[in-house]
file model.csv (CSV, C-alpha atoms and all ligand atoms)
chain,number,residue,atom,x,y,z
A,1,MET,CA,13.4,-38.8,24.0
A,2,SER,CA,10.7,-36.1,24.4
A,3,PHE,CA,11.6,-32.4,24.5
A,4,ALA,CA,10.7,-32.3,28.2
A,5,GLN,CA,13.0,-35.2,29.0
A,6,GLN,CA,15.8,-33.5,27.1
A,7,LEU,CA,15.3,-30.3,29.0
A,8,LEU,CA,15.3,-32.1,32.3
A,9,GLU,CA,18.5,-33.9,31.3
A,10,ARG,CA,20.1,-30.7,30.3
A,11,ILE,CA,19.4,-29.1,33.7
A,12,ALA,CA,20.5,-32.3,35.5
A,13,ARG,CA,23.8,-32.1,33.5
A,14,ASP,CA,24.5,-28.4,33.3
A,15,GLY,CA,22.7,-27.0,36.3
A,16,ALA,CA,19.9,-24.4,36.7
A,17,ILE,CA,18.8,-22.3,33.7
A,18,SER,CA,17.6,-18.7,33.5
A,19,VAL,CA,14.0,-17.9,32.7
A,20,ALA,CA,15.2,-16.6,29.3
A,21,ASP,CA,16.9,-19.8,28.4
A,22,TYR,CA,13.9,-21.8,29.6
A,23,MET,CA,11.5,-19.6,27.6
A,24,GLU,CA,13.7,-19.7,24.5
A,25,ALA,CA,14.1,-23.5,24.5
A,26,CYS,CA,10.4,-24.2,25.3
A,27,ASN,CA,9.0,-21.7,22.7
A,28,THR,CA,11.3,-22.8,20.0
A,29,HIS,CA,10.1,-26.4,20.4
A,30,TYR,CA,6.5,-25.3,20.9
A,31,TYR,CA,6.2,-23.2,17.7
A,32,ALA,CA,8.3,-25.6,15.7
A,33,THR,CA,6.0,-28.5,16.3
A,34,ARG,CA,2.4,-27.2,15.9
A,35,ASP,CA,-0.2,-24.8,14.7
A,36,PRO,CA,-1.2,-23.4,18.1
A,37,PHE,CA,-4.0,-21.0,17.0
A,38,GLY,CA,-7.8,-21.3,17.3
A,39,GLY,CA,-10.4,-23.4,19.0
A,40,THR,CA,-8.5,-26.6,18.8
A,41,GLY,CA,-5.2,-25.0,19.7
A,42,ASP,CA,-4.0,-23.1,22.8
A,43,PHE,CA,-4.9,-19.5,22.1
A,44,ILE,CA,-6.4,-17.1,19.6
A,45,THR,CA,-5.1,-13.8,18.2
A,46,ALA,CA,-6.8,-10.7,16.8
A,47,PRO,CA,-6.3,-11.6,13.1
A,48,GLU,CA,-7.9,-15.0,13.8
A,49,ILE,CA,-10.8,-13.4,15.6
A,50,SER,CA,-11.8,-10.9,12.9
A,51,GLN,CA,-10.8,-9.8,9.4
A,52,ILE,CA,-11.4,-6.2,10.5
A,53,PHE,CA,-8.1,-6.2,12.5
A,54,GLY,CA,-5.9,-7.0,9.4
A,55,GLU,CA,-7.9,-4.7,7.2
A,56,LEU,CA,-7.4,-1.7,9.4
A,57,VAL,CA,-3.7,-2.5,10.0
A,58,GLY,CA,-3.4,-2.6,6.2
A,59,ALA,CA,-5.1,0.7,5.9
A,60,TRP,CA,-2.8,2.2,8.5
A,61,LEU,CA,0.3,0.9,6.7
A,62,ALA,CA,-0.9,2.1,3.3
A,63,GLU,CA,-1.6,5.5,4.7
A,64,CYS,CA,2.0,5.7,6.1
A,65,TRP,CA,3.3,4.6,2.7
A,66,LEU,CA,1.4,7.4,1.0
A,67,GLN,CA,2.8,9.9,3.5
A,68,LEU,CA,6.3,8.5,2.7
A,69,GLY,CA,5.6,9.5,-1.0
A,70,SER,CA,4.6,6.0,-2.3
A,71,PRO,CA,8.2,4.7,-2.6
A,72,GLU,CA,9.4,1.2,-3.3
A,73,ALA,CA,9.3,-0.3,0.1
A,74,VAL,CA,9.6,-3.5,2.2
A,75,LEU,CA,6.5,-4.7,3.9
A,76,CYS,CA,7.6,-6.9,6.8
A,77,GLU,CA,5.7,-8.9,9.4
A,78,ALA,CA,7.3,-10.3,12.5
A,79,GLY,CA,6.0,-13.6,13.8
A,80,PRO,CA,3.2,-14.0,11.2
A,81,GLY,CA,1.4,-17.1,12.8
A,82,ARG,CA,-0.9,-18.6,10.2
A,83,GLY,CA,-0.4,-15.7,7.7
A,84,THR,CA,-3.9,-14.4,8.2
A,85,LEU,CA,-2.9,-10.9,9.1
A,86,MET,CA,-0.8,-10.5,6.0
A,87,GLN,CA,-3.6,-12.0,3.9
A,88,ASP,CA,-6.0,-9.4,5.3
A,89,ILE,CA,-3.5,-6.6,4.9
A,90,LEU,CA,-3.0,-7.5,1.2
A,91,ARG,CA,-6.7,-7.9,0.5
A,92,ALA,CA,-7.5,-4.5,2.1
A,93,THR,CA,-4.7,-2.7,0.2
A,94,ALA,CA,-5.3,-4.3,-3.2
A,95,ARG,CA,-6.9,-1.2,-4.6
A,96,VAL,CA,-4.4,1.3,-3.3
A,97,PRO,CA,-2.8,2.4,-6.6
A,98,GLN,CA,0.8,1.1,-7.0
A,99,PHE,CA,1.0,-0.2,-3.4
A,100,HIS,CA,1.3,-3.9,-4.3
A,101,ALA,CA,3.5,-3.1,-7.3
A,102,ARG,CA,6.0,-1.2,-5.1
A,103,ILE,CA,6.3,-3.5,-2.1
A,104,ARG,CA,8.4,-6.5,-1.4
A,105,ILE,CA,7.2,-8.7,1.4
A,106,ARG,CA,9.4,-10.1,4.1
A,107,MET,CA,8.1,-12.5,6.7
A,108,ILE,CA,10.2,-13.0,9.8
A,109,GLU,CA,9.5,-16.5,11.1
A,110,THR,CA,11.6,-19.1,13.0
A,111,SER,CA,9.1,-22.0,13.0
A,112,PRO,CA,9.3,-24.2,9.9
A,113,VAL,CA,5.8,-25.5,10.5
A,114,LEU,CA,4.3,-22.0,10.6
A,115,GLN,CA,6.4,-20.9,7.7
A,116,ALA,CA,4.9,-23.7,5.6
A,117,LEU,CA,1.4,-22.7,6.8
A,118,GLN,CA,2.1,-19.1,5.9
A,119,GLN,CA,3.4,-20.1,2.4
A,120,ARG,CA,0.1,-22.0,1.8
A,121,THR,CA,-2.0,-19.1,2.9
A,122,LEU,CA,-0.2,-16.5,0.9
A,123,ARG,CA,0.7,-18.6,-2.2
A,124,SER,CA,-1.1,-16.4,-4.6
A,125,ALA,CA,-1.3,-13.2,-2.6
A,126,HIS,CA,1.7,-11.4,-3.9
A,127,HIS,CA,4.5,-11.9,-6.4
A,128,ASP,CA,7.4,-11.1,-4.1
A,129,ILE,CA,7.3,-12.7,-0.7
A,130,ALA,CA,10.3,-14.2,1.0
A,131,TRP,CA,10.9,-15.7,4.5
A,132,GLN,CA,13.7,-15.1,6.8
A,133,GLN,CA,14.6,-15.9,10.4
A,134,ASN,CA,15.7,-12.5,11.7
A,135,PHE,CA,15.8,-8.8,11.0
A,136,THR,CA,19.2,-8.6,9.4
A,137,ASP,CA,19.4,-8.5,5.6
A,138,LEU,CA,16.1,-6.7,5.0
A,139,PRO,CA,16.3,-4.9,1.7
A,140,SER,CA,17.6,-1.4,2.0
A,141,LEU,CA,14.3,0.3,1.4
A,142,PRO,CA,11.8,2.2,3.5
A,143,LEU,CA,10.2,-0.2,5.9
A,144,LEU,CA,6.6,-0.9,6.8
A,145,LEU,CA,6.5,-3.3,9.6
A,146,VAL,CA,3.8,-4.9,11.8
A,147,ALA,CA,4.3,-7.2,14.8
A,148,ASN,CA,1.2,-8.5,16.4
A,149,GLU,CA,1.7,-10.7,19.5
A,150,PHE,CA,5.3,-11.2,18.5
A,151,PHE,CA,7.2,-9.5,21.3
A,152,ASP,CA,5.3,-11.3,24.0
A,153,ALA,CA,6.8,-14.6,22.8
A,154,LEU,CA,10.4,-13.4,23.2
A,155,PRO,CA,12.5,-14.5,26.2
A,156,ILE,CA,12.5,-12.5,29.4
A,157,HIS,CA,14.9,-12.5,32.3
A,158,HIS,CA,14.0,-12.3,36.0
A,159,PHE,CA,16.3,-10.5,38.4
A,160,LEU,CA,16.1,-10.8,42.2
A,161,PRO,CA,16.5,-7.8,44.6
A,162,ASP,CA,20.2,-8.7,45.1
A,163,GLY,CA,20.8,-8.4,41.3
A,164,SER,CA,21.2,-12.1,40.7
A,165,GLU,CA,19.2,-13.9,38.1
A,166,ARG,CA,16.3,-16.0,39.0
A,167,THR,CA,16.7,-19.6,37.7
A,168,ILE,CA,14.8,-22.8,37.2
A,169,SER,CA,16.2,-26.1,38.5
A,170,LEU,CA,15.2,-29.7,39.3
A,171,ARG,CA,13.8,-31.0,42.5
A,172,ASN,CA,13.0,-34.7,42.8
A,173,GLY,CA,13.0,-34.9,39.0
A,174,THR,CA,10.6,-32.0,38.4
A,175,LEU,CA,11.1,-28.4,37.4
A,176,CYS,CA,11.0,-25.8,40.1
A,177,TRP,CA,12.0,-22.3,40.8
A,178,THR,CA,15.5,-22.2,42.4
A,179,GLU,CA,14.7,-19.0,44.2
A,180,SER,CA,11.0,-18.6,45.1
A,181,ALA,CA,11.8,-15.2,46.7
A,182,LEU,CA,9.9,-12.2,45.1
A,183,PRO,CA,9.9,-9.4,44.0
A,184,VAL,CA,11.6,-9.9,40.7
A,185,GLN,CA,12.4,-7.4,37.9
A,186,GLU,CA,11.6,-8.5,34.4
A,187,THR,CA,13.6,-7.4,31.4
A,188,SER,CA,13.7,-8.5,27.7
A,189,PRO,CA,17.0,-7.5,26.2
A,190,LEU,CA,16.2,-9.5,23.0
A,191,SER,CA,13.0,-7.5,22.5
A,192,CYS,CA,14.9,-4.2,23.0
A,193,ASN,CA,17.6,-5.3,20.6
A,194,ILE,CA,15.0,-6.2,17.9
A,195,MET,CA,13.2,-2.8,18.4
A,196,ALA,CA,16.5,-1.0,18.2
A,197,SER,CA,17.3,-2.6,14.9
A,198,ILE,CA,13.8,-1.9,13.5
A,199,ALA,CA,14.3,1.8,14.5
A,200,SER,CA,17.7,1.9,13.0
A,201,HIS,CA,16.4,0.7,9.7
A,202,ILE,CA,13.6,3.3,9.8
A,203,ARG,CA,16.1,6.0,10.8
A,204,GLN,CA,18.3,5.2,7.7
A,205,GLN,CA,15.6,4.3,5.1
A,206,GLY,CA,12.4,5.9,6.4
A,207,GLY,CA,9.3,4.0,7.3
A,208,ALA,CA,6.8,3.1,10.0
A,209,ALA,CA,6.4,0.2,12.4
A,210,LEU,CA,3.4,-0.9,14.4
A,211,VAL,CA,3.7,-3.1,17.5
A,212,ILE,CA,0.5,-4.5,18.9
A,213,ASP,CA,0.6,-6.7,22.0
A,214,TYR,CA,-0.6,-7.1,25.5
A,215,GLY,CA,1.4,-5.3,28.1
A,216,TYR,CA,2.0,-2.1,30.0
A,217,GLU,CA,3.7,1.2,29.4
A,218,HIS,CA,5.1,1.7,32.9
A,219,PRO,CA,6.0,-1.2,35.2
A,220,PRO,CA,3.9,-1.2,38.4
A,221,ALA,CA,5.3,1.2,41.1
A,222,GLU,CA,5.9,-1.5,43.6
A,223,ARG,CA,8.7,-3.0,41.5
A,224,THR,CA,7.3,-6.6,41.8
A,225,ILE,CA,6.6,-7.9,38.4
A,226,ASP,CA,6.3,-11.4,37.2
A,227,THR,CA,4.2,-11.6,34.1
A,228,LEU,CA,5.4,-15.0,32.8
A,229,GLN,CA,2.4,-17.0,31.8
A,230,ALA,CA,1.6,-20.3,30.0
A,231,LEU,CA,-1.5,-21.0,28.0
A,232,ARG,CA,-2.6,-24.5,27.0
A,233,HIS,CA,-6.0,-25.3,25.4
A,234,HIS,CA,-7.1,-21.7,26.2
A,235,ARG,CA,-6.4,-22.1,30.0
A,236,TYR,CA,-3.6,-20.7,32.1
A,237,VAL,CA,-1.3,-23.4,33.4
A,238,ASP,CA,1.8,-23.4,35.6
A,239,PRO,CA,4.7,-22.1,33.3
A,240,LEU,CA,6.9,-24.9,34.7
A,241,HIS,CA,4.4,-27.7,33.8
A,242,SER,CA,4.3,-29.2,30.3
A,243,PRO,CA,7.5,-27.4,29.0
A,244,GLY,CA,7.4,-27.1,25.2
A,245,ASP,CA,3.7,-27.9,25.1
A,246,ALA,CA,2.2,-24.6,26.4
A,247,ASP,CA,2.6,-21.2,25.0
A,248,LEU,CA,4.9,-19.2,27.2
A,249,THR,CA,4.6,-15.4,27.1
A,250,ALA,CA,5.2,-12.3,29.1
A,251,HIS,CA,3.6,-8.9,29.1
A,252,VAL,CA,5.4,-6.5,26.8
A,253,ASN,CA,7.1,-3.5,28.4
A,254,PHE,CA,6.1,-0.8,25.9
A,255,GLY,CA,8.0,1.8,27.8
A,256,ALA,CA,11.2,-0.2,27.4
A,257,LEU,CA,10.5,-0.8,23.7
A,258,ALA,CA,9.9,2.9,23.1
A,259,GLN,CA,13.2,3.7,24.8
A,260,ALA,CA,15.1,1.2,22.7
A,261,ALA,CA,13.8,3.0,19.5
A,262,SER,CA,16.2,5.9,19.1
A,263,GLY,CA,16.3,8.5,16.4
A,264,VAL,CA,12.8,8.0,15.2
A,265,GLN,CA,9.4,9.5,16.0
A,266,ILE,CA,7.7,7.6,18.8
A,267,TRP,CA,4.0,8.1,19.1
A,268,PRO,CA,2.3,7.9,22.5
A,269,VAL,CA,1.2,4.4,23.2
A,270,ILE,CA,-2.6,3.9,22.8
A,271,THR,CA,-4.9,1.0,23.5
A,272,GLN,CA,-6.0,-1.4,20.8
A,273,GLY,CA,-9.6,-0.4,21.4
A,274,ASP,CA,-8.8,3.3,20.7
A,275,PHE,CA,-6.6,2.4,17.7
A,276,LEU,CA,-9.2,0.3,16.0
A,277,ARG,CA,-12.2,2.5,16.8
A,278,ARG,CA,-10.4,5.6,15.5
A,279,LEU,CA,-9.6,3.8,12.3
A,280,GLY,CA,-13.3,3.0,11.8
A,281,ALA,CA,-13.7,-0.5,13.1
A,282,GLU,CA,-17.4,0.0,13.9
A,283,LEU,CA,-18.2,1.4,10.5
A,284,ARG,CA,-16.4,-1.5,8.9
A,285,ALA,CA,-18.3,-4.0,11.0
A,286,THR,CA,-21.6,-2.3,10.0
A,287,ALA,CA,-20.6,-2.6,6.3
A,288,LEU,CA,-19.7,-6.2,6.7
A,289,CYS,CA,-23.0,-7.0,8.5
A,290,LYS,CA,-24.9,-5.4,5.6
A,291,GLN,CA,-23.4,-7.8,3.1
A,292,ALA,CA,-23.5,-10.9,5.4
A,293,PRO,CA,-26.2,-13.4,5.9
A,294,GLN,CA,-28.1,-13.0,9.1
A,295,GLU,CA,-26.4,-16.0,10.8
A,296,GLN,CA,-22.9,-14.4,10.3
A,297,ARG,CA,-23.8,-11.0,11.7
A,298,HIS,CA,-23.5,-12.1,15.3
A,299,LYS,CA,-20.0,-13.4,14.6
A,300,ILE,CA,-18.9,-10.2,13.0
A,301,LEU,CA,-20.2,-8.1,15.9
A,302,SER,CA,-18.9,-10.4,18.7
A,303,GLY,CA,-15.5,-10.4,16.9
A,304,LEU,CA,-15.5,-6.6,16.9
A,305,GLU,CA,-16.5,-6.5,20.6
A,306,ARG,CA,-13.7,-8.9,21.5
A,307,LEU,CA,-11.1,-6.7,19.8
A,308,ILE,CA,-12.2,-3.3,21.2
A,309,SER,CA,-14.1,-3.9,24.4
A,310,PRO,CA,-12.2,-3.0,27.6
A,311,GLN,CA,-13.5,-6.3,29.1
A,312,ALA,CA,-11.7,-8.3,26.4
A,313,MET,CA,-8.7,-7.2,24.4
A,314,GLY,CA,-9.5,-3.4,24.0
A,315,THR,CA,-7.5,-2.1,27.0
A,316,LEU,CA,-5.0,-4.8,27.8
A,317,PHE,CA,-3.6,-4.7,24.3
A,318,LYS,CA,-1.6,-1.6,23.4
A,319,VAL,CA,-0.3,-0.2,20.2
A,320,LEU,CA,3.1,1.5,19.7
A,321,ALA,CA,3.9,3.2,16.5
A,322,ILE,CA,7.4,4.5,15.5
A,323,THR,CA,7.9,6.4,12.2
A,324,SER,CA,10.4,8.4,10.3
A,325,SER,CA,9.4,12.1,10.2
A,326,LEU,CA,5.8,11.8,9.2
A,327,GLU,CA,2.7,13.7,10.0
A,328,LYS,CA,0.6,12.1,12.8
A,329,PRO,CA,-0.1,8.5,11.7
A,330,ALA,CA,-3.8,7.5,11.6
A,331,GLY,CA,-5.3,6.8,15.0
A,332,PHE,CA,-2.5,8.5,17.1
B,401,LIG,N1,1.2,-12.6,14.7
B,401,LIG,C1,0.5,-13.8,14.7
B,401,LIG,C2,1.1,-14.9,15.5
B,401,LIG,C3,1.5,-14.6,16.9
B,401,LIG,S1,2.3,-16.0,17.8
B,401,LIG,C4,-1.0,-13.6,15.0
B,401,LIG,O1,-1.3,-12.4,15.4
B,401,LIG,O2,-1.8,-14.5,14.8
B,401,LIG,C5,4.0,-15.7,17.7
B,401,LIG,C6,4.6,-15.8,16.3
B,401,LIG,O3,6.0,-15.4,16.4
B,401,LIG,C7,4.6,-17.2,15.7
B,401,LIG,O4,4.5,-17.2,14.3
B,401,LIG,C8,6.0,-17.7,16.1
B,401,LIG,O5,6.5,-18.8,15.4
B,401,LIG,C9,6.8,-16.5,15.9
B,401,LIG,N2,8.1,-16.4,16.7
B,401,LIG,C10,8.3,-16.6,18.0
B,401,LIG,N3,9.6,-16.3,18.3
B,401,LIG,C11,10.2,-15.9,17.2
B,401,LIG,C12,11.5,-15.4,16.9
B,401,LIG,N4,12.4,-15.3,17.9
B,401,LIG,N5,11.7,-14.9,15.7
B,401,LIG,C13,10.8,-15.0,14.7
B,401,LIG,N6,9.5,-15.4,14.9
B,401,LIG,C14,9.2,-15.9,16.1
call {"tool": "encode", "arguments": {"input": "model.csv", "output": "structure tokens"}}
result
Amino acid sequence: MSFAQQLLERIARDGAISVADYMEACNTHYYATRDPFGGTGDFITAPEISQIFGELVGAWLAECWLQLGSPEAVLCEAGPGRGTLMQDILRATARVPQFHARIRIRMIETSPVLQALQQRTLRSAHHDIAWQQNFTDLPSLPLLLVANEFFDALPIHHFLPDGSERTISLRNGTLCWTESALPVQETSPLSCNIMASIASHIRQQGGAALVIDYGYEHPPAERTIDTLQALRHHRYVDPLHSPGDADLTAHVNFGALAQAASGVQIWPVITQGDFLRRLGAELRATALCKQAPQEQRHKILSGLERLISPQAMGTLFKVLAITSSLEKPAGF
């Protein structure tokens, strides 16, 4: 029986499900059964667009590590996709004295398919890499963490004006919204819990975390917010169509994430465009172009443009940094 059929049976048997349960079930199936990235997949992410992204994130993390006093530390990535970001981080930091020798790498990944892909990508990239499914049991060491397009995949809840939860049910054998009435309020308690545990680790052991994703810092004033979306073959589709075969995401509420991070330094949220530009993205692109054959230059420059331009990812994507007591981290 297909995943979609199982889901319909579950709803027929147990009744309507919350948006969060729907998103959790669909995304678990979705990520467990495919490599969704790139031209032949459903969507593309910053590390897959340009190596400059991972290189600058690597420089940022290494700079925080130096500020921490170059300790033994755990370098952790949440939701590492194909492993490209970690690969670029490691290549960019290979010449930072002692950095590779003093870090242990922990990859947080629930999908067995993607974990296998990451293991192939990173096979010879570092001597100490391990995979785990959640944030508990990280080594008790200062933490350097990056999460790119991780939080947008975590389940959200929708609440109706009367305080009840919006649900998804069946009508004539197809999925539909039980309550079509809007406005809804969107929350992601799982995202906030994960952020709180990252902050708690940093509070106790020191460290820095970088969250990059699309989203907003303040919910729109009019209270109505429904950012649930589904992507399939690079097109937006109805989130209730093709359950488990489209990427379900929601915009990240950076204000809520920052609030969940208590007892650490929270740096004002900036746009991805500003972050990458301030870390030298344009200079890096120029250097890459100088070494590249003519036919690759266009790809380097269009990749950069996609990452930083306000018409592409530059403004919609935001960057939140939390740290233990450090000087201002690079770019903030
Ligand atoms: N960071 C990558 C991939 C983003 S896609 C990139 O930028 O290319 C989301 C990633 O998070 C996938 O690797 C997916 O399998 C993983 N993921 C989704 N939900 C998760 C969860 N609850 N816990 C851990 N990983 C999760």
call {"tool": "closest_residue", "arguments": {"input": "model.csv", "among": "A:Tyr31, A:Phe3, A:Phe159, A:Phe275", "to": "ligand LIG 401 (chain B)", "atoms": "all atoms listed in the file"}}
result
A:Tyr31
call {"tool": "residues_near_ligand", "arguments": {"input": "model.csv", "ligand": "ligand LIG 401 (chain B)", "cutoff": "9 Å", "atoms": "only C-alpha atoms and all ligand atoms", "output": "PDB file with C-alpha atoms, in the frame of the given file"}}
result
ATOM      1  CA  GLU A  24      13.700 -19.700  24.500  1.00  0.00           C
ATOM      2  CA  ASN A  27       9.000 -21.700  22.700  1.00  0.00           C
ATOM      3  CA  THR A  28      11.300 -22.800  20.000  1.00  0.00           C
ATOM      4  CA  TYR A  30       6.500 -25.300  20.900  1.00  0.00           C
ATOM      5  CA  TYR A  31       6.200 -23.200  17.700  1.00  0.00           C
ATOM      6  CA  ALA A  32       8.300 -25.600  15.700  1.00  0.00           C
ATOM      7  CA  ASP A  35      -0.200 -24.800  14.700  1.00  0.00           C
ATOM      8  CA  PRO A  36      -1.200 -23.400  18.100  1.00  0.00           C
ATOM      9  CA  PHE A  37      -4.000 -21.000  17.000  1.00  0.00           C
ATOM     10  CA  ILE A  44      -6.400 -17.100  19.600  1.00  0.00           C
ATOM     11  CA  THR A  45      -5.100 -13.800  18.200  1.00  0.00           C
ATOM     12  CA  ALA A  46      -6.800 -10.700  16.800  1.00  0.00           C
ATOM     13  CA  PRO A  47      -6.300 -11.600  13.100  1.00  0.00           C
ATOM     14  CA  GLU A  48      -7.900 -15.000  13.800  1.00  0.00           C
ATOM     15  CA  GLU A  77       5.700  -8.900   9.400  1.00  0.00           C
ATOM     16  CA  ALA A  78       7.300 -10.300  12.500  1.00  0.00           C
ATOM     17  CA  GLY A  79       6.000 -13.600  13.800  1.00  0.00           C
ATOM     18  CA  PRO A  80       3.200 -14.000  11.200  1.00  0.00           C
ATOM     19  CA  GLY A  81       1.400 -17.100  12.800  1.00  0.00           C
ATOM     20  CA  ARG A  82      -0.900 -18.600  10.200  1.00  0.00           C
ATOM     21  CA  GLY A  83      -0.400 -15.700   7.700  1.00  0.00           C
ATOM     22  CA  THR A  84      -3.900 -14.400   8.200  1.00  0.00           C
ATOM     23  CA  LEU A  85      -2.900 -10.900   9.100  1.00  0.00           C
ATOM     24  CA  MET A 107       8.100 -12.500   6.700  1.00  0.00           C
ATOM     25  CA  ILE A 108      10.200 -13.000   9.800  1.00  0.00           C
ATOM     26  CA  GLU A 109       9.500 -16.500  11.100  1.00  0.00           C
ATOM     27  CA  THR A 110      11.600 -19.100  13.000  1.00  0.00           C
ATOM     28  CA  SER A 111       9.100 -22.000  13.000  1.00  0.00           C
ATOM     29  CA  PRO A 112       9.300 -24.200   9.900  1.00  0.00           C
ATOM     30  CA  VAL A 113       5.800 -25.500  10.500  1.00  0.00           C
ATOM     31  CA  LEU A 114       4.300 -22.000  10.600  1.00  0.00           C
ATOM     32  CA  GLN A 115       6.400 -20.900   7.700  1.00  0.00           C
ATOM     33  CA  GLN A 118       2.100 -19.100   5.900  1.00  0.00           C
ATOM     34  CA  GLN A 132      13.700 -15.100   6.800  1.00  0.00           C
ATOM     35  CA  GLN A 133      14.600 -15.900  10.400  1.00  0.00           C
ATOM     36  CA  ASN A 134      15.700 -12.500  11.700  1.00  0.00           C
ATOM     37  CA  PHE A 135      15.800  -8.800  11.000  1.00  0.00           C
ATOM     38  CA  VAL A 146       3.800  -4.900  11.800  1.00  0.00           C
ATOM     39  CA  ALA A 147       4.300  -7.200  14.800  1.00  0.00           C
ATOM     40  CA  ASN A 148       1.200  -8.500  16.400  1.00  0.00           C
ATOM     41  CA  GLU A 149       1.700 -10.700  19.500  1.00  0.00           C
ATOM     42  CA  PHE A 150       5.300 -11.200  18.500  1.00  0.00           C
ATOM     43  CA  PHE A 151       7.200  -9.500  21.300  1.00  0.00           C
ATOM     44  CA  ASP A 152       5.300 -11.300  24.000  1.00  0.00           C
ATOM     45  CA  ALA A 153       6.800 -14.600  22.800  1.00  0.00           C
ATOM     46  CA  LEU A 154      10.400 -13.400  23.200  1.00  0.00           C
ATOM     47  CA  PRO A 155      12.500 -14.500  26.200  1.00  0.00           C
ATOM     48  CA  LEU A 190      16.200  -9.500  23.000  1.00  0.00           C
ATOM     49  CA  ILE A 212       0.500  -4.500  18.900  1.00  0.00           C
ATOM     50  CA  ASP A 213       0.600  -6.700  22.000  1.00  0.00           C
ATOM     51  CA  ASP A 247       2.600 -21.200  25.000  1.00  0.00           C
TER      52      ASP A 247
END
call {"tool": "closest_residue", "arguments": {"input": "model.csv", "among": "A:Leu160, A:Cys64, A:Ala196, A:Ala73", "to": "Leu182 of chain A", "atoms": "all atoms listed in the file"}}
result
A:Leu160
call {"tool": "residues_around", "arguments": {"input": "model.csv", "residues": "Gly215 of chain A", "least_positions_apart": "2", "cutoff": "9 Å", "atoms": "all atoms listed in the file", "output": "PDB file with C-alpha atoms, in the coordinates of the input"}}
result
ATOM      1  CA  ASP A 152       5.300 -11.300  24.000  1.00  0.00           C
ATOM      2  CA  ASP A 213       0.600  -6.700  22.000  1.00  0.00           C
ATOM      3  CA  GLU A 217       3.700   1.200  29.400  1.00  0.00           C
ATOM      4  CA  ALA A 250       5.200 -12.300  29.100  1.00  0.00           C
ATOM      5  CA  HIS A 251       3.600  -8.900  29.100  1.00  0.00           C
ATOM      6  CA  VAL A 252       5.400  -6.500  26.800  1.00  0.00           C
ATOM      7  CA  ASN A 253       7.100  -3.500  28.400  1.00  0.00           C
ATOM      8  CA  PHE A 254       6.100  -0.800  25.900  1.00  0.00           C
ATOM      9  CA  LEU A 316      -5.000  -4.800  27.800  1.00  0.00           C
ATOM     10  CA  PHE A 317      -3.600  -4.700  24.300  1.00  0.00           C
ATOM     11  CA  LYS A 318      -1.600  -1.600  23.400  1.00  0.00           C
TER      12      LYS A 318
END
call {"tool": "closest_residue", "arguments": {"input": "model.csv", "among": "A:Trp60, A:His157, A:Gln98, A:Ser140", "to": "Ala20 of chain A", "atoms": "only C-alpha atoms"}}
result
A:His157
call {"tool": "atom_distance", "arguments": {"input": "model.csv", "atom1": "atom CA of Gly54 of chain A", "atom2": "atom CA of Met86 of chain A"}}
result
7.1 Å
call {"tool": "closest_residue", "arguments": {"input": "model.csv", "among": "A:Gln204, A:Met23, A:Gly38, A:Leu283", "to": "Arg232 of chain A", "atoms": "all atoms listed in the file"}}
result
A:Gly38
call {"tool": "residues_around", "arguments": {"input": "model.csv", "residues": "Gln5 of chain A", "least_positions_apart": "3", "cutoff": "12 Å", "atoms": "all atoms listed in the file", "output": "PyMOL selection string"}}
result
chain A and resi 1-2+8-12+26+170+173-175+242-244
call {"tool": "residues_near_point", "arguments": {"input": "model.csv", "point": "(-22.4, 0.5, 13.0)", "cutoff": "12 Å", "atoms": "all atoms listed in the file", "output": "PyMOL selection string"}}
result
chain A and resi 277+280-290+297+300-301+304-305
call {"tool": "closest_residue", "arguments": {"input": "model.csv", "among": "A:Gln51, A:Ala199, A:Pro71, A:Asp42", "to": "Tyr236 of chain A", "atoms": "all atoms listed in the file"}}
result
A:Asp42
call {"tool": "residues_around", "arguments": {"input": "model.csv", "residues": "Gln265 of chain A", "least_positions_apart": "6", "cutoff": "8 Å", "atoms": "all atoms listed in the file", "output": "PyMOL selection string"}}
result
chain A and resi 322-325
call {"tool": "write_last_selection", "arguments": {"input": "model.csv", "atoms": "C-alpha atoms", "output": "PDB file, in the coordinates of the input"}}
result
ATOM      1  CA  ILE A 322       7.400   4.500  15.500  1.00  0.00           C
ATOM      2  CA  THR A 323       7.900   6.400  12.200  1.00  0.00           C
ATOM      3  CA  SER A 324      10.400   8.400  10.300  1.00  0.00           C
ATOM      4  CA  SER A 325       9.400  12.100  10.200  1.00  0.00           C
TER       5      SER A 325
END
call {"tool": "closest_residue", "arguments": {"input": "model.csv", "among": "A:Ala246, A:Leu56, A:Ala208, A:Ala258", "to": "Lys328 of chain A", "atoms": "only C-alpha atoms"}}
result
A:Ala208
call {"tool": "residues_around", "arguments": {"input": "model.csv", "residues": "His158 of chain A", "least_positions_apart": "6", "cutoff": "8 Å", "atoms": "all atoms listed in the file", "output": "list in words"}}
result
Ser18, Val19, Glu165, Arg166, Thr167, Val184, Gln185, Glu186, Thr187 and Asp226 of chain A
call {"tool": "atom_distance", "arguments": {"input": "model.csv", "atom1": "atom CA of Pro183 of chain A", "atom2": "atom CA of Gly15 of chain A"}}
result
23.1 Å
call {"tool": "atom_distance", "arguments": {"input": "model.csv", "atom1": "atom CA of Leu138 of chain A", "atom2": "atom CA of Asp21 of chain A"}}
result
26.8 Å
call {"tool": "residues_around", "arguments": {"input": "model.csv", "residues": "Leu320 of chain A", "least_positions_apart": "3", "cutoff": "8 Å", "atoms": "all atoms listed in the file", "output": "PyMOL selection string"}}
result
chain A and resi 210-212+254+258+266-270
